[in-house]
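Q: One file: final.txt (compact mmCIF, C-alpha atoms).
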# COMPACT_ATOMS: atom_id res chain seq x y z
CA MET A 1 52.73 -1.40 6.54
CA THR A 2 49.64 -3.01 5.11
CA ILE A 3 50.33 -6.38 3.56
CA ASN A 4 46.85 -7.78 3.04
CA VAL A 5 46.41 -8.99 -0.49
CA PHE A 6 43.40 -10.71 -2.01
CA PRO A 7 43.61 -13.23 -4.86
CA GLU A 8 42.26 -12.39 -8.30
CA ASP A 9 40.60 -15.81 -8.59
CA TRP A 10 38.79 -15.63 -5.27
CA ARG A 11 35.42 -16.42 -6.83
CA GLU A 12 36.81 -19.69 -8.21
CA GLN A 13 38.11 -20.83 -4.84
CA PRO A 14 36.20 -23.17 -2.47
CA CYS A 15 33.75 -21.68 0.02
CA PHE A 16 33.14 -22.93 3.53
CA LEU A 17 29.85 -22.93 5.34
CA VAL A 18 29.89 -21.65 8.91
CA ALA A 19 26.85 -21.67 11.17
CA ILE A 20 26.85 -18.55 13.34
CA PRO A 21 24.44 -18.32 16.27
CA ARG A 22 22.12 -15.37 15.77
CA PRO A 23 23.23 -13.43 18.89
CA LEU A 24 26.81 -13.61 17.61
CA VAL A 25 26.03 -12.24 14.14
CA PRO A 26 26.15 -8.53 15.10
CA TYR A 27 29.63 -9.00 16.58
CA VAL A 28 30.99 -11.13 13.76
CA GLY A 29 29.67 -8.62 11.24
CA GLY A 30 31.07 -5.69 13.21
CA LEU A 31 34.50 -7.28 13.40
CA LEU A 32 34.63 -7.45 9.61
CA LYS A 33 34.41 -3.67 9.37
CA ILE A 34 38.18 -3.30 9.30
CA ALA A 35 38.34 -5.14 5.98
CA GLU A 36 35.97 -2.64 4.38
CA MET A 37 38.67 0.04 4.69
CA ARG A 38 41.03 0.92 1.90
CA GLY A 39 43.91 1.03 4.38
CA PHE A 40 43.49 -2.63 5.22
CA TRP A 41 44.52 -3.70 1.72
CA ALA A 42 47.85 -3.56 -0.03
CA SER A 43 46.65 -2.07 -3.30
CA GLU A 44 43.61 -0.60 -5.03
CA ASP A 45 42.99 -3.93 -6.77
CA ASP A 46 43.24 -5.85 -3.50
CA TYR A 47 40.85 -3.34 -1.97
CA ALA A 48 38.32 -3.74 -4.78
CA ARG A 49 38.39 -7.52 -4.53
CA GLY A 50 38.57 -7.65 -0.74
CA TYR A 51 35.80 -5.09 -0.28
CA THR A 52 33.57 -6.99 -2.69
CA ALA A 53 34.15 -10.27 -0.88
CA ILE A 54 33.80 -8.90 2.62
CA THR A 55 30.58 -6.99 1.96
CA GLU A 56 29.08 -10.04 0.25
CA LEU A 57 30.05 -12.09 3.28
CA GLU A 58 28.52 -9.55 5.65
CA ARG A 59 25.33 -9.52 3.63
CA CYS A 60 25.19 -13.31 3.81
CA LEU A 61 25.51 -13.32 7.59
CA MET A 62 21.86 -12.42 8.02
CA SER A 63 20.40 -13.36 4.70
CA THR A 64 20.06 -16.69 6.48
CA CYS A 65 21.92 -18.56 3.83
CA LEU A 66 21.42 -21.78 5.74
CA ASP A 67 17.71 -21.22 5.84
CA ASP A 68 17.73 -20.54 2.12
CA LEU A 69 19.60 -23.76 1.64
CA PHE A 70 17.18 -25.67 3.85
CA GLN A 71 14.28 -24.04 2.06
CA LYS A 72 15.58 -25.20 -1.31
CA GLN A 73 16.03 -28.65 0.17
CA ASP A 74 12.44 -28.58 1.44
CA GLU A 75 11.25 -27.43 -1.98
CA LEU A 76 13.04 -30.37 -3.56
CA TYR A 77 11.50 -32.72 -1.00
CA ARG A 78 8.02 -31.38 -1.77
CA LEU A 79 8.63 -31.67 -5.50
CA LEU A 80 9.54 -35.33 -5.10
CA ASN A 81 6.74 -36.04 -2.64
CA THR A 82 4.19 -34.51 -4.99
CA ALA A 83 5.58 -36.18 -8.09
CA LEU A 84 6.08 -39.57 -6.49
CA PHE A 85 3.13 -39.83 -4.13
CA GLY A 86 0.80 -37.00 -5.11
CA VAL A 87 0.92 -35.08 -1.83
CA THR A 88 -0.60 -31.63 -2.39
CA TYR A 89 1.05 -28.67 -0.63
CA ALA A 90 -0.34 -25.21 0.03
CA THR A 91 1.52 -22.00 0.89
CA VAL A 92 -0.13 -20.52 3.98
CA THR A 93 2.12 -17.44 4.24
CA GLU A 94 5.01 -16.18 2.13
CA ASN A 95 6.96 -14.38 4.84
CA PRO A 96 7.73 -16.26 6.91
CA LEU A 97 7.23 -19.14 4.53
CA VAL A 98 4.72 -21.59 5.93
CA VAL A 99 3.74 -24.55 3.78
CA THR A 100 1.26 -27.26 4.74
CA PRO A 101 1.35 -30.13 5.35
CA ALA A 102 4.64 -29.92 7.24
CA ILE A 103 7.42 -32.20 6.11
CA ALA A 104 7.07 -35.44 8.03
CA PRO A 105 10.02 -37.17 9.69
CA HIS A 106 9.44 -40.19 7.48
CA VAL A 107 7.51 -41.16 4.39
CA THR A 108 5.09 -44.07 3.96
CA LEU A 109 4.21 -45.71 0.67
CA ASP A 110 0.67 -44.28 0.82
CA ILE A 111 -0.43 -42.90 -2.52
CA HIS A 112 -2.20 -39.57 -2.21
CA ASP A 113 -3.11 -39.11 -5.87
CA GLN A 114 -3.45 -41.74 -8.57
CA ASP A 115 -1.98 -39.26 -11.06
CA SER A 116 1.39 -39.28 -9.25
CA ILE A 117 4.17 -41.53 -10.50
CA MET A 118 3.53 -44.13 -7.82
CA GLY A 119 -0.20 -43.73 -8.39
CA ARG A 120 0.15 -44.46 -12.07
CA LEU A 121 2.36 -47.45 -11.34
CA ASP A 122 -0.20 -48.66 -8.84
CA ARG A 123 -2.94 -48.20 -11.41
CA LEU A 124 -0.96 -50.23 -13.93
CA THR A 125 -0.31 -52.94 -11.37
CA GLN A 126 -3.98 -53.11 -10.46
CA LEU A 127 -4.93 -53.18 -14.12
CA VAL A 128 -2.62 -56.07 -14.86
CA ASP A 129 -3.75 -57.93 -11.75
CA ASN A 130 -7.37 -57.49 -12.66
CA ARG A 131 -7.25 -57.97 -16.41
CA LEU A 132 -4.86 -60.90 -16.46
CA ALA A 133 -5.51 -62.70 -13.17
CA GLY A 134 -9.02 -61.48 -12.60
CA THR A 135 -8.16 -60.21 -9.15
CA GLU A 136 -10.52 -57.56 -7.87
CA THR A 137 -8.62 -54.38 -7.00
CA PRO A 138 -9.80 -51.03 -5.61
CA LEU A 139 -9.81 -49.58 -9.13
CA TYR A 140 -10.69 -52.55 -11.34
CA ASP A 141 -13.23 -55.31 -10.85
CA GLU A 142 -13.67 -56.90 -14.27
CA THR A 143 -14.07 -60.66 -14.07
CA PRO A 144 -13.21 -63.16 -15.26
CA GLY A 145 -9.59 -62.35 -16.10
CA ILE A 146 -7.86 -63.10 -19.37
CA LYS A 147 -6.01 -66.03 -17.88
CA GLN A 148 -9.24 -67.73 -16.82
CA GLN A 149 -10.92 -66.96 -20.12
CA LEU A 150 -8.03 -68.43 -22.09
CA GLU A 151 -8.12 -71.52 -19.90
CA GLU A 152 -11.81 -71.83 -20.60
CA ILE A 153 -11.18 -71.51 -24.36
CA ILE A 154 -8.46 -74.11 -24.29
CA ALA A 155 -10.66 -76.44 -22.30
CA ALA A 156 -13.53 -75.86 -24.66
CA LEU A 157 -11.41 -76.55 -27.75
CA GLY A 158 -10.86 -80.05 -26.49
CA GLU A 159 -14.55 -80.72 -26.41
CA ASP A 160 -17.28 -80.66 -28.96
CA VAL A 161 -17.57 -76.93 -28.89
CA ASP A 162 -19.65 -74.20 -30.37
CA LEU A 163 -17.13 -71.92 -32.11
CA THR A 164 -19.49 -68.99 -31.63
CA GLU A 165 -18.87 -69.16 -27.90
CA VAL A 166 -15.10 -69.37 -28.40
CA ILE A 167 -15.11 -66.38 -30.71
CA SER A 168 -17.26 -64.48 -28.21
CA ASN A 169 -14.70 -65.20 -25.47
CA LEU A 170 -11.83 -64.10 -27.72
CA GLU A 171 -13.68 -60.87 -28.46
CA ALA A 172 -14.10 -60.30 -24.73
CA ILE A 173 -10.35 -60.75 -24.25
CA ALA A 174 -9.64 -58.35 -27.08
CA LEU A 175 -11.89 -55.79 -25.42
CA LEU A 176 -10.10 -56.19 -22.09
CA LEU A 177 -6.74 -55.65 -23.76
CA ALA A 178 -7.93 -52.64 -25.71
CA MET B 1 12.74 11.44 3.76
CA ALA B 2 10.29 11.80 6.60
CA ALA B 3 11.48 10.98 10.09
CA ALA B 4 8.36 9.86 11.86
CA HIS B 5 9.20 10.09 15.55
CA ARG B 6 12.41 12.17 15.61
CA PRO B 7 12.41 14.97 13.05
CA ALA B 8 15.93 16.06 12.14
CA LYS B 9 16.96 19.55 13.23
CA PRO B 10 18.67 21.86 10.74
CA LEU B 11 22.44 22.07 11.30
CA ASP B 12 24.71 25.09 11.44
CA ARG B 13 27.16 25.11 8.56
CA LEU B 14 30.81 25.71 9.36
CA LEU B 15 33.54 27.03 7.11
CA PRO B 16 34.61 24.50 4.48
CA ILE B 17 38.18 23.25 4.78
CA VAL B 18 40.77 22.23 2.23
CA GLU B 19 43.27 19.82 3.73
CA LEU B 20 46.50 18.73 2.10
CA GLN B 21 48.10 15.76 3.80
CA TYR B 22 51.85 15.15 3.62
CA VAL B 23 54.10 12.29 4.64
CA ASP B 24 57.75 12.46 5.71
CA GLU B 25 60.43 9.85 5.10
CA THR B 26 59.54 8.00 8.29
CA GLY B 27 55.92 7.59 7.20
CA THR B 28 54.60 10.16 9.66
CA LYS B 29 51.75 12.21 8.29
CA GLY B 30 50.75 15.84 8.80
CA ALA B 31 48.40 18.28 7.08
CA THR B 32 48.04 21.84 5.90
CA SER B 33 44.48 23.10 6.36
CA VAL B 34 42.95 26.27 4.95
CA LYS B 35 39.41 27.57 5.32
CA TYR B 36 37.07 29.16 2.81
CA ALA B 37 33.90 31.21 2.99
CA VAL B 38 30.74 29.21 3.70
CA ASP B 39 29.29 29.39 0.20
CA THR B 40 32.49 28.61 -1.72
CA PRO B 41 31.67 26.04 -4.42
CA TYR B 42 33.46 22.71 -4.48
CA ALA B 43 34.96 23.18 -7.96
CA LEU B 44 36.67 26.41 -6.96
CA MET B 45 38.10 24.90 -3.79
CA ASP B 46 39.29 21.85 -5.70
CA ALA B 47 41.10 24.01 -8.24
CA GLU B 48 42.61 26.24 -5.57
CA ALA B 49 43.75 23.21 -3.58
CA SER B 50 45.83 22.11 -6.55
CA VAL B 51 47.32 25.59 -6.83
CA LEU B 52 48.04 25.62 -3.11
CA ALA B 53 49.75 22.23 -3.34
CA SER B 54 51.96 23.47 -6.17
CA LEU B 55 52.96 26.49 -4.07
CA ILE B 56 53.73 24.37 -1.02
CA ALA B 57 55.77 21.80 -2.94
CA PRO B 58 58.90 23.99 -3.19
CA ILE B 59 58.81 24.85 0.50
CA THR B 60 58.39 21.38 2.04
CA GLY B 61 60.49 18.27 2.04
CA CYS B 62 57.44 16.07 2.55
CA ALA B 63 55.41 14.36 -0.13
CA LEU B 64 51.75 15.14 -0.78
CA VAL B 65 49.62 12.02 -0.24
CA ARG B 66 46.04 13.22 -0.02
CA GLN B 67 43.77 16.16 -0.60
CA ARG B 68 40.46 16.53 1.22
CA ILE B 69 37.71 19.09 0.91
CA ILE B 70 35.51 19.07 3.96
CA TYR B 71 32.12 20.66 4.29
CA LYS B 72 30.97 20.53 7.88
CA ALA B 73 27.76 21.32 9.67
CA VAL B 74 27.05 20.84 13.35
CA ALA B 75 24.01 20.63 15.59
CA SER B 76 23.82 23.61 17.87
CA PRO B 77 22.43 23.04 20.37
CA ARG B 78 22.65 19.28 20.21
CA ASP B 79 19.50 17.18 20.16
CA VAL B 80 18.93 14.87 23.13
CA PRO B 81 19.65 11.19 22.40
CA GLU B 82 16.95 8.67 23.18
CA ALA B 83 17.37 6.77 26.43
CA GLY B 84 19.17 3.51 25.80
CA SER B 85 20.55 4.52 22.41
CA THR B 86 24.00 3.08 21.74
CA ILE B 87 26.38 4.14 18.97
CA LYS B 88 27.80 0.64 18.67
CA SER B 89 24.46 -0.91 17.86
CA GLN B 90 24.42 -0.01 14.20
CA GLY B 91 21.93 -0.74 11.50
CA VAL B 92 23.91 -1.89 8.49
CA PHE B 93 22.14 -1.58 5.15
CA PHE B 94 23.36 -3.47 2.09
CA PHE B 95 22.59 -2.00 -1.31
CA THR B 96 23.20 -3.53 -4.72
CA THR B 97 24.88 -1.53 -7.43
CA GLY B 98 24.42 -4.05 -10.25
CA ASP B 99 25.03 -7.70 -10.96
CA GLU B 100 28.78 -7.39 -11.45
CA THR B 101 29.68 -4.53 -9.11
CA PRO B 102 30.30 -4.47 -5.35
CA LEU B 103 27.61 -3.83 -2.76
CA GLU B 104 27.43 -0.57 -0.87
CA LEU B 105 27.09 -0.70 2.87
CA ILE B 106 25.63 2.16 4.88
CA ALA B 107 25.77 2.00 8.67
CA VAL B 108 23.38 3.94 10.91
CA PRO B 109 24.63 4.33 14.50
CA GLY B 110 22.29 3.54 17.38
CA ILE B 111 19.67 1.89 15.21
CA ALA B 112 16.22 2.34 16.74
CA GLU B 113 14.70 -0.75 18.33
CA GLY B 114 11.43 0.07 16.60
CA VAL B 115 12.80 -0.92 13.21
CA ILE B 116 14.31 -4.22 14.35
CA SER B 117 12.33 -7.19 13.12
CA ASP B 118 10.61 -9.54 15.53
CA GLU B 119 10.05 -12.18 12.90
CA GLU B 120 11.96 -15.43 12.96
CA PRO B 121 14.59 -16.43 12.17
CA GLY B 122 16.12 -12.95 12.29
CA ALA B 123 14.22 -11.58 15.29
CA GLY B 124 16.23 -9.01 17.25
CA VAL B 125 18.91 -8.73 14.57
CA ASP B 126 17.24 -8.25 11.19
CA ILE B 127 15.94 -4.84 10.26
CA ASP B 128 12.31 -4.72 9.17
CA LEU B 129 12.60 -3.95 5.46
CA ILE B 130 8.91 -3.15 5.14
CA HIS B 131 8.88 -0.63 7.99
CA THR B 132 7.72 2.68 6.52
CA ASP B 133 10.76 4.60 7.83
CA ILE B 134 13.13 2.00 6.38
CA ILE B 135 11.35 2.10 3.02
CA ALA B 136 11.60 5.89 2.99
CA PHE B 137 15.30 5.74 3.89
CA ALA B 138 16.02 3.13 1.21
CA ASP B 139 14.08 5.10 -1.40
CA ALA B 140 16.11 8.20 -0.62
CA VAL B 141 19.40 6.30 -0.83
CA THR B 142 18.53 4.68 -4.14
CA SER B 143 17.26 7.82 -5.82
CA ASN B 144 19.84 10.43 -4.92
CA GLY B 145 22.91 9.44 -6.91
CA LEU B 146 24.73 7.67 -4.09
CA THR B 147 27.41 5.14 -5.03
CA ASN B 148 29.64 2.44 -3.59
CA PRO B 149 33.33 3.26 -2.98
CA PHE B 150 34.05 2.55 -6.64
CA GLY B 151 31.50 4.95 -8.09
CA ASP B 152 28.85 2.38 -9.00
CA ALA B 153 25.38 3.81 -8.47
CA ILE B 154 23.24 2.25 -5.77
CA THR B 155 20.14 0.55 -7.15
CA ALA B 156 18.29 -1.33 -4.40
CA LEU B 157 18.31 -2.30 -0.74
CA VAL B 158 18.82 -6.05 -0.44
CA ALA B 159 19.48 -6.70 3.24
CA ALA B 160 19.82 -4.93 6.56
CA TYR B 161 20.60 -6.07 10.06
CA ARG B 162 22.13 -4.96 13.32
CA GLN B 163 25.89 -5.07 13.75
CA SER B 164 28.01 -4.16 16.74
CA ARG B 165 30.52 -1.72 15.28
CA ALA B 166 33.08 0.18 17.25
Reformat the file's structure so that it appears as structure tokens.

A:
Amino acid sequence: MTINVFPEDWREQPCFLVAIPRPLVPYVGGLLKIAEMRGFWASEDDYARGYTAITELERCLMSTCLDDLFQKQDELYRLLNTALFGVTYATVTENPLVVTPAIAPHVTLDIHDQDSIMGRLDRLTQLVDNRLAGTETPLYDETPGIKQQLEEIIAALGEDVDLTEVISNLEAIALLLA
Amino acid sequence: MAAAHRPAKPLDRLLPIVELQYVDETGTKGATSVKYAVDTPYALMDAEASVLASLIAPITGCALVRQRIIYKAVASPRDVPEAGSTIKSQGVFFFTTGDETPLELIAVPGIAEGVISDEEPGAGVDIDLIHTDIIAFADAVTSNGLTNPFGDAITALVAAYRQSRA
């Protein structure tokens, strides 16, 4: 007598990931055939649920679910690498999916595009370094910096000073901060 | 559907059969089979099967469990199988029937090596879904009113690969 029942809430239950070597897939799939049969299940309802589950499982066997998963993971990696560092990717072929550059084993802090998040942060850092400290950076080379100009103003205020020059320096600082 | 390298031969139709299957108190099953003329329509045989069952009921102690109407056709003479073809190596095609309804699975015995994909990662197992013969087969399946076991109409081929089925 058939006693195989299948729970009504099977879609809510946990799923387990099993990696099946490709040469084994035809056999694993073939062995599931018995569960496609009405006679395997205790009732029509069990059959409907069991058939649905088993055929979905069989379909998954070669829909390379793991590859799909890895692909989504790679897509997420590329999203972050583009957003954070500005690496630009190109799809060479759709099927099989080939994207260049390949994902590297490790990431450096190199910024590939100044419009990326790290690029913008770097730009801000360079701007502050240059405008405040007067440090020459790859992107900014304005000198002197605000700090030096303020020091010059303060030093000048202690002397017999021409206010025109002080005002001119203050205007220069205002321009740098604009 | 065009079969590119092995055109299908027309089959000889046999007499259709109505089969009534009975079960005894031990669970053992047996059947009454009757034959009809070749061109008998399904609806007539279905109706007459019910009449036949009602006539048999008083003269058997067994219980009716199933009725089958079988239309058969056979190859005569038989075509010659390709060298190396194996029944167990089956191409299994998965078709959707909608978002909420079960898949339908159609198995083709002795799937031809020519339609097996050589692209990774499914090389040697996956069936080439863009092979012209596979496209023609899938189109025919999706446009001829076929259903899954629950009567949901097939809509599209979503996957296919080789299985070893006894």

Q: Up to 6 Å from chain B, what residues of chain A turn up? Count only C-alpha atoms and give them as a list in words.

A: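 Per the criterion, chain A yields Pro26, Tyr27, Gly29, Gly30 and Thr52 of chain A.
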
Q: Nearest to Leu64 in chain B: which of B:Val34, B:Ala140, B:Leu20, B:Ala112 is it, counting only C-alpha atoms?

A: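 The shortest atom-to-atom distance to Leu64 in chain B comes from B:Leu20.
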
Q: List as a PyMOL selection string the residues having at least one atom at most 12 Å from position (14.3, -24.1, 1.0) as given in the file, counting all atoms listed in the file.

A: chain A and resi 64-79+96-99+103

Q: Set up a box along x, y and z of the file covering all listed atoms of range 143-159 of chain A, add 8 Å on every one of the six sides, and write the centre and edge lengths in Å to one decimal, as AutoDock Vina command-line options.

A:
--center_x -10.3 --center_y -70.7 --center_z -20.9 --size_x 24.5 --size_y 36.1 --size_z 29.7

Q: Kindly give the distance, in Å, that separates CA of Leu170 in chain A and CA of Glu152 in chain A, rounded to a single decimal.

A: 10.5 Å

Q: For Arg49 in chain A, which residue among A:Asn4, A:Thr137, A:Thr143, A:Gln149 is the nearest when counting all atoms listed in the file?

A: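 Among the listed residues, A:Asn4 lies closest to Arg49 in chain A.
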
Q: I want to know what sits within 12 Å of Leu175 in chain A, based on all atoms listed in the file, with residues of the same chain fewer than 4 positions away left out; could you give that as a list of chain:residue names?

A: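 Returned residues: A:Arg131, A:Glu142, A:Gly145, A:Ile146, A:Ser168, A:Asn169, A:Leu170, A:Glu171.
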
Q: Just the number, please: distance in Å from CA of Ala172 in chain A to CA of Thr125 in chain A, one decimal.

A: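 Separation of CA of Ala172 in chain A and CA of Thr125 in chain A: 20.6 Å.
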
Q: Can you work out the spacing between CA of Asn148 in chain B and CA of Tyr36 in chain B in Å, to one decimal?

A: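 According to the coordinates, CA of Asn148 in chain B and CA of Tyr36 in chain B are separated by 28.5 Å.
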
Q: Here is a test: counting only C-alpha atoms, which residue of B:Leu52, B:Ala136, B:Leu15, B:Ile59 is nearest to Lys72 in chain B?

A: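 Among the listed residues, B:Leu15 lies closest to Lys72 in chain B.
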
Q: Which is closer to Ala83 in chain A than all the others in A:Glu12, A:Asp122, A:Asp45, A:Asp113, using all atoms listed in the file?

A: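 Distance minimum relative to Ala83 in chain A lands on A:Asp113.
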
Q: Find the residue from B:Thr60, B:Thr26, B:Ser54, B:Ser76 that sits nearest to Asp12 in chain B; use only C-alpha atoms when measuring.

A: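 The answer is B:Ser76, which sits nearest to Asp12 in chain B.
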
Q: Between B:Ile130, B:Val18, B:Val141, B:Val80, which one has atoms that come closest to Asp46 in chain B, using only C-alpha atoms?

A: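 Comparing B:Ile130, B:Val18, B:Val141, B:Val80 against Asp46 in chain B, the winner is B:Val18.
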
Q: Counting all atoms listed in the file, what is within 10 Å of Val87 in chain A, bar same-chain residues fewer than 2 positions away, as a list in words?

A: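 What passes the distance filter is Arg78, Leu79, Leu80, Asn81, Thr82, Ala83, Leu84, Phe85, Tyr89, Pro101, Asp110, Ile111, His112, Asp113 and Ser116 of chain A.
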
Q: Generate N, CA and C atoms for range 20-36 of chain B and emit them as an mmCIF file, keeping the file's coordinate frame.

A:
data_model
loop_
_atom_site.group_PDB
_atom_site.id
_atom_site.type_symbol
_atom_site.label_atom_id
_atom_site.label_comp_id
_atom_site.auth_asym_id
_atom_site.auth_seq_id
_atom_site.Cartn_x
_atom_site.Cartn_y
_atom_site.Cartn_z
ATOM 1 N N LEU B 20 45.476 19.428 2.879
ATOM 2 C CA LEU B 20 46.500 18.730 2.100
ATOM 3 C C LEU B 20 47.340 17.918 3.076
ATOM 4 N N GLN B 21 47.373 16.612 2.856
ATOM 5 C CA GLN B 21 48.100 15.760 3.800
ATOM 6 C C GLN B 21 49.447 15.350 3.210
ATOM 7 N N TYR B 22 50.475 15.455 4.048
ATOM 8 C CA TYR B 22 51.850 15.150 3.620
ATOM 9 C C TYR B 22 52.411 14.009 4.473
ATOM 10 N N VAL B 23 53.427 13.344 3.901
ATOM 11 C CA VAL B 23 54.100 12.290 4.640
ATOM 12 C C VAL B 23 55.612 12.536 4.587
ATOM 13 N N ASP B 24 56.288 12.290 5.720
ATOM 14 C CA ASP B 24 57.750 12.460 5.710
ATOM 15 C C ASP B 24 58.425 11.117 5.438
ATOM 16 N N GLU B 25 59.736 11.076 5.484
ATOM 17 C CA GLU B 25 60.430 9.850 5.100
ATOM 18 C C GLU B 25 60.258 8.712 6.101
ATOM 19 N N THR B 26 59.789 9.055 7.306
ATOM 20 C CA THR B 26 59.540 8.000 8.290
ATOM 21 C C THR B 26 58.128 7.431 8.165
ATOM 22 N N GLY B 27 57.305 8.033 7.341
ATOM 23 C CA GLY B 27 55.920 7.590 7.200
ATOM 24 C C GLY B 27 54.953 8.395 8.045
ATOM 25 N N THR B 28 55.478 9.327 8.835
ATOM 26 C CA THR B 28 54.600 10.160 9.660
ATOM 27 C C THR B 28 53.861 11.160 8.772
ATOM 28 N N LYS B 29 52.580 11.336 9.115
ATOM 29 C CA LYS B 29 51.750 12.210 8.290
ATOM 30 C C LYS B 29 51.350 13.477 9.030
ATOM 31 N N GLY B 30 51.204 14.565 8.273
ATOM 32 C CA GLY B 30 50.750 15.840 8.800
ATOM 33 C C GLY B 30 49.998 16.581 7.705
ATOM 34 N N ALA B 31 49.255 17.631 8.071
ATOM 35 C CA ALA B 31 48.400 18.280 7.080
ATOM 36 C C ALA B 31 48.459 19.788 7.145
ATOM 37 N N THR B 32 48.267 20.412 6.000
ATOM 38 C CA THR B 32 48.040 21.840 5.900
ATOM 39 C C THR B 32 46.547 22.049 5.665
ATOM 40 N N SER B 33 45.924 22.865 6.516
ATOM 41 C CA SER B 33 44.480 23.100 6.360
ATOM 42 C C SER B 33 44.225 24.584 6.132
ATOM 43 N N VAL B 34 43.370 24.891 5.182
ATOM 44 C CA VAL B 34 42.950 26.270 4.950
ATOM 45 C C VAL B 34 41.429 26.311 4.867
ATOM 46 N N LYS B 35 40.877 27.459 5.274
ATOM 47 C CA LYS B 35 39.410 27.570 5.320
ATOM 48 C C LYS B 35 38.917 28.540 4.259
ATOM 49 N N TYR B 36 37.683 28.304 3.835
ATOM 50 C CA TYR B 36 37.070 29.160 2.810
ATOM 51 C C TYR B 36 35.748 29.697 3.343
#
